[in-house]
file query_29.cif (mmCIF, C-alpha atoms)
data_query
#
loop_
_atom_site.group_PDB
_atom_site.id
_atom_site.type_symbol
_atom_site.label_atom_id
_atom_site.label_comp_id
_atom_site.auth_asym_id
_atom_site.auth_seq_id
_atom_site.Cartn_x
_atom_site.Cartn_y
_atom_site.Cartn_z
ATOM 1 C CA MET R 62 0.000 0.000 0.000
ATOM 2 C CA VAL R 63 1.573 3.304 -1.030
ATOM 3 C CA ASN R 64 0.471 6.373 0.940
ATOM 4 C CA GLU R 65 2.057 9.442 2.608
ATOM 5 C CA ALA R 66 2.209 7.965 6.097
ATOM 6 C CA ALA R 67 5.667 6.496 5.521
ATOM 7 C CA GLN R 68 7.295 9.725 4.329
ATOM 8 C CA LEU R 69 8.221 10.800 7.848
ATOM 9 C CA TYR R 70 9.779 7.420 8.564
ATOM 10 C CA THR R 71 11.858 7.663 5.402
ATOM 11 C CA ILE R 72 13.056 11.191 6.102
ATOM 12 C CA GLU R 73 13.948 10.229 9.665
ATOM 13 C CA GLY R 74 15.856 7.177 8.468
ATOM 14 C CA VAL R 75 17.788 9.113 5.823
ATOM 15 C CA GLY R 76 18.601 11.886 8.302
ATOM 16 C CA ALA R 77 19.878 9.420 10.890
ATOM 17 C CA ALA R 78 22.007 7.619 8.288
ATOM 18 C CA ILE R 79 23.586 10.865 7.103
ATOM 19 C CA LEU R 80 24.292 11.883 10.692
ATOM 20 C CA MET R 81 26.047 8.622 11.502
ATOM 21 C CA VAL R 82 28.095 8.557 8.311
ATOM 22 C CA VAL R 83 29.256 12.167 8.834
ATOM 23 C CA THR R 84 30.255 11.367 12.433
ATOM 24 C CA ALA R 85 32.181 8.292 11.384
ATOM 25 C CA TYR R 86 33.978 10.310 8.684
ATOM 26 C CA LEU R 87 34.956 13.056 11.138
ATOM 27 C CA VAL R 88 36.371 10.570 13.602
ATOM 28 C CA ILE R 89 38.369 8.672 10.984
ATOM 29 C CA SER R 90 39.702 11.765 9.226
ATOM 30 C CA SER R 91 41.177 13.297 12.369
ATOM 31 C CA THR R 92 44.211 11.014 12.397
ATOM 32 C CA THR R 93 46.802 13.638 13.293
ATOM 33 C CA ILE R 94 46.067 13.878 16.977
ATOM 34 C CA PHE R 95 48.680 16.142 18.489
ATOM 35 C CA THR R 96 48.947 15.123 22.121
ATOM 36 C CA PRO R 97 50.662 17.348 24.701
ATOM 37 C CA GLN R 98 53.524 14.877 24.834
ATOM 38 C CA ASP R 99 54.330 15.481 21.156
ATOM 39 C CA THR R 100 56.158 18.696 22.032
ATOM 40 C CA HIS R 101 59.149 16.371 22.455
ATOM 41 C CA ILE R 102 59.258 16.060 18.660
ATOM 42 C CA SER R 103 60.137 19.699 18.058
ATOM 43 C CA ASP R 104 62.608 19.590 20.950
ATOM 44 C CA MET R 105 64.329 16.592 19.438
ATOM 45 C CA GLN R 106 64.561 18.285 16.035
ATOM 46 C CA LEU R 107 66.096 21.382 17.605
ATOM 47 C CA GLN R 108 68.592 19.290 19.540
ATOM 48 C CA GLN R 109 69.599 17.391 16.414
ATOM 49 C CA LEU R 110 70.089 20.701 14.574
ATOM 50 C CA GLY R 111 72.379 22.045 17.290
ATOM 51 C CA SER R 112 74.302 18.785 17.448
ATOM 52 C CA ASP R 113 74.792 18.743 13.669
ATOM 53 C CA ALA R 114 75.958 22.366 13.643
ATOM 54 C CA LEU R 115 78.555 21.631 16.345
ATOM 55 C CA ALA R 116 79.693 18.541 14.458
ATOM 56 C CA MET R 117 80.220 20.595 11.314
ATOM 57 C CA MET R 118 82.195 23.198 13.210
ATOM 58 C CA ASP R 119 84.420 20.525 14.704
ATOM 59 C CA ILE R 120 85.779 19.242 11.403
ATOM 60 C CA ALA R 121 89.216 20.486 10.367
ATOM 61 C CA ASP R 122 89.650 21.879 6.906
ATOM 62 C CA ALA R 123 92.914 20.074 6.241
ATOM 63 C CA TYR R 124 94.587 16.964 7.574
ATOM 64 C CA ASN R 125 96.302 17.732 10.894
ATOM 65 C CA GLY R 126 94.704 21.155 10.938
ATOM 66 C CA LYS R 127 92.515 22.655 13.612
ATOM 67 C CA SER R 128 88.752 22.900 13.381
ATOM 68 C CA THR R 129 86.784 26.128 13.764
ATOM 69 C CA LEU R 130 85.541 25.042 17.168
ATOM 70 C CA GLN R 131 89.050 24.259 18.379
ATOM 71 C CA LEU R 132 90.369 27.615 17.168
ATOM 72 C CA ALA R 133 87.461 29.506 18.720
ATOM 73 C CA ILE R 134 88.040 27.915 22.124
ATOM 74 C CA GLU R 135 91.838 28.134 22.096
ATOM 75 C CA GLY R 136 91.790 31.784 21.126
ATOM 76 C CA ASN R 137 88.743 32.699 23.245
ATOM 77 C CA ASN R 138 87.259 33.987 20.012
ATOM 78 C CA SER R 139 83.584 34.405 20.708
ATOM 79 C CA GLN R 140 82.943 36.269 17.425
ATOM 80 C CA MET R 141 84.233 33.328 15.402
ATOM 81 C CA PHE R 142 82.009 30.916 17.276
ATOM 82 C CA LEU R 143 78.983 33.196 17.113
ATOM 83 C CA GLN R 144 79.191 33.844 13.398
ATOM 84 C CA SER R 145 79.738 30.291 12.303
ATOM 85 C CA PHE R 146 77.249 28.685 14.682
ATOM 86 C CA SER R 147 74.613 31.287 13.968
ATOM 87 C CA ARG R 148 75.090 30.912 10.239
ATOM 88 C CA LEU R 149 74.755 27.126 10.463
ATOM 89 C CA VAL R 150 71.726 27.094 12.709
ATOM 90 C CA ASN R 151 69.775 30.064 11.374
ATOM 91 C CA SER R 152 70.132 29.586 7.613
ATOM 92 C CA THR R 153 66.965 28.815 5.767
ATOM 93 C CA THR R 154 66.141 28.269 2.128
ATOM 94 C CA THR R 155 64.253 31.568 1.962
ATOM 95 C CA ALA R 156 65.573 35.108 2.130
ATOM 96 C CA TYR R 157 64.844 35.380 5.852
ATOM 97 C CA ASP R 158 66.981 33.850 8.558
ATOM 98 C CA ASP R 159 65.544 31.829 11.384
ATOM 99 C CA GLY R 160 65.502 33.278 14.899
ATOM 100 C CA LEU R 161 67.271 30.743 17.067
ATOM 101 C CA LYS R 162 69.220 32.029 20.067
ATOM 102 C CA PHE R 163 71.939 30.319 22.033
ATOM 103 C CA ASN R 164 74.239 30.469 25.018
ATOM 104 C CA THR R 165 77.516 28.597 25.007
ATOM 105 C CA MET R 166 79.498 27.291 27.953
ATOM 106 C CA VAL R 167 82.741 25.334 27.918
ATOM 107 C CA TYR R 168 83.288 22.848 30.752
ATOM 108 C CA TYR R 169 86.887 22.023 31.557
ATOM 109 C CA ARG R 170 88.714 20.190 34.317
ATOM 110 C CA THR R 171 91.474 21.695 36.407
ATOM 111 C CA ASP R 172 93.693 19.932 38.899
ATOM 112 C CA SER R 173 93.067 22.580 41.505
ATOM 113 C CA SER R 174 89.323 23.131 41.381
ATOM 114 C CA GLY R 175 87.615 20.292 39.512
ATOM 115 C CA ILE R 176 85.080 20.891 36.759
ATOM 116 C CA GLN R 177 84.526 24.548 35.954
ATOM 117 C CA PRO R 178 82.323 26.337 33.429
ATOM 118 C CA PHE R 179 83.599 29.032 31.150
ATOM 119 C CA LYS R 180 81.302 31.299 29.195
ATOM 120 C CA LEU R 181 82.303 31.383 25.555
ATOM 121 C CA CYS R 182 79.606 33.179 23.640
ATOM 122 C CA ASN R 183 75.998 34.349 24.061
ATOM 123 C CA ASN R 184 73.906 35.856 21.329
ATOM 124 C CA ALA R 185 70.926 36.617 23.588
ATOM 125 C CA ASP R 186 69.935 36.541 27.243
ATOM 126 C CA TYR R 187 68.090 33.483 28.448
ATOM 127 C CA PHE R 188 64.844 34.101 30.287
ATOM 128 C CA ARG R 189 63.499 30.594 30.907
ATOM 129 C CA GLU R 190 62.229 29.805 27.424
ATOM 130 C CA ASN R 191 61.827 26.180 26.395
ATOM 131 C CA ALA R 192 65.412 25.241 25.455
ATOM 132 C CA VAL R 193 67.471 22.193 24.513
ATOM 133 C CA THR R 194 71.203 21.527 24.874
ATOM 134 C CA ALA R 195 73.597 20.182 22.289
ATOM 135 C CA THR R 196 77.069 19.115 23.362
ATOM 136 C CA ARG R 197 80.367 18.252 21.744
ATOM 137 C CA TRP R 198 83.754 17.058 23.004
ATOM 138 C CA VAL R 199 86.637 19.175 21.728
ATOM 139 C CA TYR R 200 90.329 18.396 21.976
ATOM 140 C CA ILE R 201 92.418 21.515 22.549
ATOM 141 C CA THR R 202 96.169 22.030 22.774
ATOM 142 C CA PRO R 203 98.225 24.891 24.191
ATOM 143 C CA PRO R 204 99.161 27.703 23.600
ATOM 144 C CA PHE R 205 95.901 29.136 24.854
ATOM 145 C CA ASP R 206 94.830 32.747 24.892
ATOM 146 C CA ALA R 207 95.975 34.558 28.031
ATOM 147 C CA THR R 208 92.409 35.210 29.206
ATOM 148 C CA LEU R 209 91.562 31.508 29.372
ATOM 149 C CA PRO R 210 91.635 29.709 32.738
ATOM 150 C CA PHE R 211 92.567 26.277 31.346
ATOM 151 C CA ASP R 212 95.490 24.248 32.639
ATOM 152 C CA ASN R 213 98.461 24.413 30.336
ATOM 153 C CA ARG R 214 98.242 20.919 28.853
ATOM 154 C CA ASP R 215 96.514 19.004 26.064
ATOM 155 C CA GLN R 216 92.987 18.348 27.237
ATOM 156 C CA VAL R 217 89.448 17.520 26.229
ATOM 157 C CA VAL R 218 86.669 19.973 27.085
ATOM 158 C CA LEU R 219 82.915 19.817 26.639
ATOM 159 C CA VAL R 220 81.115 22.569 24.739
ATOM 160 C CA GLU R 221 77.458 22.901 25.773
ATOM 161 C CA VAL R 222 75.170 25.063 23.693
ATOM 162 C CA LEU R 223 71.757 25.995 25.092
ATOM 163 C CA LEU R 224 69.502 26.548 22.094
ATOM 164 C CA TRP R 225 66.019 28.007 22.003
ATOM 165 C CA ARG R 226 63.500 29.592 19.704
ATOM 166 C CA ASN R 227 61.956 32.892 20.664
ATOM 167 C CA MET Q 219 21.334 -3.471 11.690
ATOM 168 C CA MET Q 220 23.628 -0.992 9.883
ATOM 169 C CA ALA Q 221 23.110 1.512 12.675
ATOM 170 C CA PHE Q 222 24.188 -1.064 15.210
ATOM 171 C CA ILE Q 223 27.358 -1.839 13.254
ATOM 172 C CA ILE Q 224 28.202 1.837 12.810
ATOM 173 C CA SER Q 225 27.690 2.578 16.479
ATOM 174 C CA ILE Q 226 30.086 -0.232 17.406
ATOM 175 C CA THR Q 227 32.592 1.218 14.933
ATOM 176 C CA ILE Q 228 32.290 4.683 16.421
ATOM 177 C CA PHE Q 229 32.864 3.264 19.887
ATOM 178 C CA PHE Q 230 35.985 1.489 18.669
ATOM 179 C CA LEU Q 231 37.334 4.674 17.082
ATOM 180 C CA ALA Q 232 36.691 6.619 20.270
ATOM 181 C CA LEU Q 233 38.735 3.991 22.140
ATOM 182 C CA ILE Q 234 41.630 4.481 19.689
ATOM 183 C CA VAL Q 235 41.552 8.240 20.163
ATOM 184 C CA ASN Q 236 41.653 7.763 23.914
ATOM 185 C CA GLU Q 237 44.652 5.443 23.858
ATOM 186 C CA SER Q 238 46.614 7.597 21.413
ATOM 187 C CA ALA Q 239 47.603 9.961 24.216
ATOM 188 C CA ILE Q 240 49.406 7.211 26.116
ATOM 189 C CA VAL Q 241 51.067 5.834 22.978
ATOM 190 C CA GLY Q 242 52.349 9.273 22.027
ATOM 191 C CA LYS Q 243 53.918 9.782 25.422
ATOM 192 C CA THR Q 244 55.936 6.578 25.592
ATOM 193 C CA THR Q 245 57.276 6.647 22.033
ATOM 194 C CA SER Q 246 58.372 10.271 22.164
ATOM 195 C CA GLU Q 247 59.926 9.746 25.587
ATOM 196 C CA SER Q 248 62.027 6.845 24.396
ATOM 197 C CA VAL Q 249 63.347 8.939 21.492
ATOM 198 C CA LEU Q 250 64.439 11.704 23.835
ATOM 199 C CA GLU Q 251 65.945 9.389 26.413
ATOM 200 C CA PHE Q 252 68.276 7.457 24.157
ATOM 201 C CA PRO Q 253 71.715 9.106 24.221
ATOM 202 C CA LYS Q 254 72.436 8.740 20.510
ATOM 203 C CA ALA Q 255 74.272 12.052 20.176
ATOM 204 C CA ASP Q 256 76.349 11.401 23.314
ATOM 205 C CA ILE Q 257 77.538 7.980 22.216
ATOM 206 C CA GLN Q 258 78.296 9.068 18.649
ATOM 207 C CA ASP Q 259 80.176 12.119 19.863
ATOM 208 C CA LEU Q 260 82.198 10.094 22.367
ATOM 209 C CA ARG Q 261 83.176 7.520 19.729
ATOM 210 C CA ASN Q 262 84.157 10.251 17.316
ATOM 211 C CA GLU Q 263 86.340 11.974 19.891
ATOM 212 C CA LEU Q 264 88.074 8.771 20.987
ATOM 213 C CA LEU Q 265 88.866 7.764 17.409
ATOM 214 C CA TYR Q 266 90.245 11.263 16.806
ATOM 215 C CA LEU Q 267 92.435 10.940 19.909
ATOM 216 C CA ILE Q 268 93.837 7.682 18.552
ATOM 217 C CA GLU Q 269 94.901 9.543 15.412
ATOM 218 C CA LYS Q 270 96.513 12.263 17.503
ATOM 219 C CA ASN Q 271 98.245 9.593 19.582
ATOM 220 C CA LYS Q 272 96.802 10.937 22.817
ATOM 221 C CA ILE Q 273 94.516 8.049 23.662
ATOM 222 C CA ASN Q 274 96.679 6.752 26.511
ATOM 223 C CA ASP Q 275 97.090 10.102 28.243
ATOM 224 C CA PRO Q 276 95.736 9.646 31.810
ATOM 225 C CA ASP Q 277 94.895 13.345 32.135
ATOM 226 C CA ILE Q 278 92.618 13.124 29.147
ATOM 227 C CA LEU Q 279 90.981 9.999 30.571
ATOM 228 C CA PHE Q 280 90.268 11.923 33.797
ATOM 229 C CA ASP Q 281 88.941 14.858 31.776
ATOM 230 C CA ILE Q 282 86.464 12.767 29.863
ATOM 231 C CA GLN Q 283 85.403 10.691 32.846
ATOM 232 C CA SER Q 284 84.885 13.570 35.252
ATOM 233 C CA ILE Q 285 83.183 15.937 32.816
ATOM 234 C CA SER Q 286 80.962 13.126 31.565
ATOM 235 C CA MET Q 287 79.914 12.270 35.111
ATOM 236 C CA SER Q 288 79.355 15.815 36.258
ATOM 237 C CA ARG Q 289 77.596 17.199 33.173
ATOM 238 C CA LYS Q 290 75.814 14.171 31.741
ATOM 239 C CA GLY Q 291 75.618 11.752 34.666
ATOM 240 C CA ALA Q 292 77.208 9.024 32.556
ATOM 241 C CA ILE Q 293 80.049 6.638 33.334
ATOM 242 C CA VAL Q 294 82.631 6.396 30.586
ATOM 243 C CA ASN Q 295 85.631 4.134 30.401
ATOM 244 C CA TYR Q 296 87.916 3.313 27.536
ATOM 245 C CA ALA Q 297 91.159 1.495 26.874
ATOM 246 C CA TYR Q 298 93.432 1.116 23.889
ATOM 247 C CA ASP Q 299 96.052 -1.597 23.645
ATOM 248 C CA GLY Q 300 97.560 -0.708 20.285
ATOM 249 C CA ASN Q 301 95.108 -2.781 18.261
ATOM 250 C CA ARG Q 302 91.662 -2.546 19.745
ATOM 251 C CA LEU Q 303 89.704 0.254 21.379
ATOM 252 C CA LEU Q 304 87.311 -0.769 24.141
ATOM 253 C CA ILE Q 305 84.562 1.701 25.004
ATOM 254 C CA HIS Q 306 82.128 1.486 27.904
ATOM 255 C CA TYR Q 307 79.314 3.989 28.425
ATOM 256 C CA ASN Q 308 76.518 3.815 30.983
ATOM 257 C CA ASP Q 309 74.148 6.662 31.753
ATOM 258 C CA GLY Q 310 71.859 4.732 34.072
ATOM 259 C CA ILE Q 311 69.257 4.012 31.402
ATOM 260 C CA THR Q 312 71.325 2.920 28.450
ATOM 261 C CA GLU Q 313 74.528 0.887 28.547
ATOM 262 C CA TYR Q 314 76.846 0.762 25.575
ATOM 263 C CA ASN Q 315 79.907 -1.432 25.114
ATOM 264 C CA GLU Q 316 82.086 -1.581 22.041
ATOM 265 C CA VAL Q 317 85.238 -3.246 20.838
ATOM 266 C CA TYR Q 318 86.623 -1.365 17.859
ATOM 267 C CA ILE Q 319 89.093 -3.287 15.732
ATOM 268 C CA GLY Q 320 90.901 -1.729 12.839
ATOM 269 C CA THR Q 321 92.567 1.471 13.918
#

call {"tool": "encode", "arguments": {"input": "query_29.cif", "output": "structure tokens"}}
result
Amino acid sequence: MVNEAAQLYTIEGVGAAILMVVTAYLVISSTTIFTPQDTHISDMQLQQLGSDALAMMDIADAYNGKSTLQLAIEGNNSQMFLQSFSRLVNSTTTAYDDGLKFNTMVYYRTDSSGIQPFKLCNNADYFRENAVTATRWVYITPPFDATLPFDNRDQVVLVEVLLWRN
Amino acid sequence: MMAFIISITIFFLALIVNESAIVGKTTSESVLEFPKADIQDLRNELLYLIEKNKINDPDILFDIQSISMSRKGAIVNYAYDGNRLLIHYNDGITEYNEVYIGT
């Protein structure tokens, strides 16, 4: 029997079906769920960038030569460190540089007073932003610059760079 | 019947969304915790010291051990007998041992 009494049933059924299919689609399509713990991903990328930049600076240009990092530490040359690290870390493929900031400390051991920090180079003040550290061992040999507090012997120091994005 | 199946599916998807928070935490934590950069850097430095013929210097051994303990909380030990380099690294979570032949 065909009459108009079933039209409301049909419309209700079609409406409910559309509602359920749209809901299912929304749930399935939202696959990139960014949880609060995923902030580690950007931290890890920043740390890898800093580590790679330090690794590049620690390669000598010629066999038996000294690397940029070694020269910057031995001569207490904070400009040399700042320019090459900043260029490595802040270069982008567009015309605008990135805005990463860093503080650098060198940790060395002395016979008289144990492990000491030495400030090498800052390009900005640190005010508790979310930062990561990248480190590198550097082998340095005397003669050192007169302003440096290192013992007068061949030694290995640790360069720690605190890196953050504004 | 279809509505019943779809409602079960939606419930299952909601369960997945709920558990994704826990999964995200443990996988990203394990990436951050593993000291890949530390171990690679230490190996690189020790192999460089072998080239410079400074690997048996006891001062340098003290430097690396004490700075590693005080700044990274990791125990480092190494030895070189002319042929093989033995490296030991332990930061409390990850332990790494290596025998490097071929220097």

call {"tool": "resolve_selection", "arguments": {"input": "query_29.cif", "expression": "the PyMOL selection byres ((chain Q) within 9 of (chain R))", "output": "ChimeraX atom specification"}}
result
/Q:220-221,224-225,227-228,231-232,235,238-240,242-244,246-247,249-250,255-256,259-260,262-263,266-267,270,272,277-282,284-286,288-289

call {"tool": "closest_residue", "arguments": {"input": "query_29.cif", "among": "R:Leu224, R:Asp206, R:Ala192, R:Gly126", "to": "Phe146 of chain R", "atoms": "only C-alpha atoms"}}
result
R:Leu224

call {"tool": "atom_distance", "arguments": {"input": "query_29.cif", "atom1": "atom CA of Asp309 of chain Q", "atom2": "atom CA of Gln283 of chain Q"}}
result
12.0 Å

call {"tool": "axis_aligned_box", "arguments": {"input": "query_29.cif", "around": "segment 266-272 of chain Q", "padding_each_side": "3 Å", "output": "lines of an AutoDock Vina configuration file"}}
result
center_x = 94.2
center_y = 10.0
center_z = 19.1
size_x = 14.0
size_y = 10.6
size_z = 13.4

call {"tool": "atom_distance", "arguments": {"input": "query_29.cif", "atom1": "atom CA of Glu135 of chain R", "atom2": "atom CA of Phe205 of chain R"}}
result
5.0 Å

call {"tool": "residues_near_point", "arguments": {"input": "query_29.cif", "point": "(80.0, 2.2, 29.5)", "cutoff": "10 Å", "atoms": "all atoms listed in the file", "output": "short mmCIF file (atom, residue, chain, number, x, y, z; two decimals) with C-alpha atoms, in the coordinates of the input"}}
result
data_model
loop_
_atom_site.label_atom_id
_atom_site.label_comp_id
_atom_site.auth_asym_id
_atom_site.auth_seq_id
_atom_site.Cartn_x
_atom_site.Cartn_y
_atom_site.Cartn_z
CA ILE Q 257 77.54 7.98 22.22
CA ALA Q 292 77.21 9.02 32.56
CA ILE Q 293 80.05 6.64 33.33
CA VAL Q 294 82.63 6.40 30.59
CA ASN Q 295 85.63 4.13 30.40
CA TYR Q 296 87.92 3.31 27.54
CA LEU Q 304 87.31 -0.77 24.14
CA ILE Q 305 84.56 1.70 25.00
CA HIS Q 306 82.13 1.49 27.90
CA TYR Q 307 79.31 3.99 28.42
CA ASN Q 308 76.52 3.82 30.98
CA ASP Q 309 74.15 6.66 31.75
CA GLY Q 310 71.86 4.73 34.07
CA THR Q 312 71.32 2.92 28.45
CA GLU Q 313 74.53 0.89 28.55
CA TYR Q 314 76.85 0.76 25.58
CA ASN Q 315 79.91 -1.43 25.11
CA GLU Q 316 82.09 -1.58 22.04
#

call {"tool": "closest_residue", "arguments": {"input": "query_29.cif", "among": "Q:Arg261, Q:Pro276, Q:Ile223, Q:Gly291", "to": "Ile311 of chain Q", "atoms": "all atoms listed in the file"}}
result
Q:Gly291

call {"tool": "atom_distance", "arguments": {"input": "query_29.cif", "atom1": "atom CA of Ser139 of chain R", "atom2": "atom CA of Ala123 of chain R"}}
result
22.4 Å

call {"tool": "resolve_selection", "arguments": {"input": "query_29.cif", "expression": "the PyMOL selection byres ((chain Q and resi 300) around 10)", "output": "list in words"}}
result
Ile268, Ile273, Asn274, Ala297, Tyr298, Asp299, Asn301, Arg302, Leu303, Ile319 and Thr321 of chain Q

call {"tool": "resolve_selection", "arguments": {"input": "query_29.cif", "expression": "the PyMOL selection byres ((chain R and resi 132) around 10)", "output": "ChimeraX atom specification"}}
result
/R:119,121,126-131,133-138,141-142,201-202,205

call {"tool": "write_last_selection", "arguments": {"input": "query_29.cif", "atoms": "C-alpha atoms", "output": "tab-separated table (two decimals), in the frame of the given file"}}
result
chain	number	residue	atom	x	y	z
R	119	ASP	CA	84.42	20.52	14.70
R	121	ALA	CA	89.22	20.49	10.37
R	126	GLY	CA	94.70	21.16	10.94
R	127	LYS	CA	92.52	22.66	13.61
R	128	SER	CA	88.75	22.90	13.38
R	129	THR	CA	86.78	26.13	13.76
R	130	LEU	CA	85.54	25.04	17.17
R	131	GLN	CA	89.05	24.26	18.38
R	133	ALA	CA	87.46	29.51	18.72
R	134	ILE	CA	88.04	27.92	22.12
R	135	GLU	CA	91.84	28.13	22.10
R	136	GLY	CA	91.79	31.78	21.13
R	137	ASN	CA	88.74	32.70	23.24
R	138	ASN	CA	87.26	33.99	20.01
R	141	MET	CA	84.23	33.33	15.40
R	142	PHE	CA	82.01	30.92	17.28
R	201	ILE	CA	92.42	21.52	22.55
R	202	THR	CA	96.17	22.03	22.77
R	205	PHE	CA	95.90	29.14	24.85
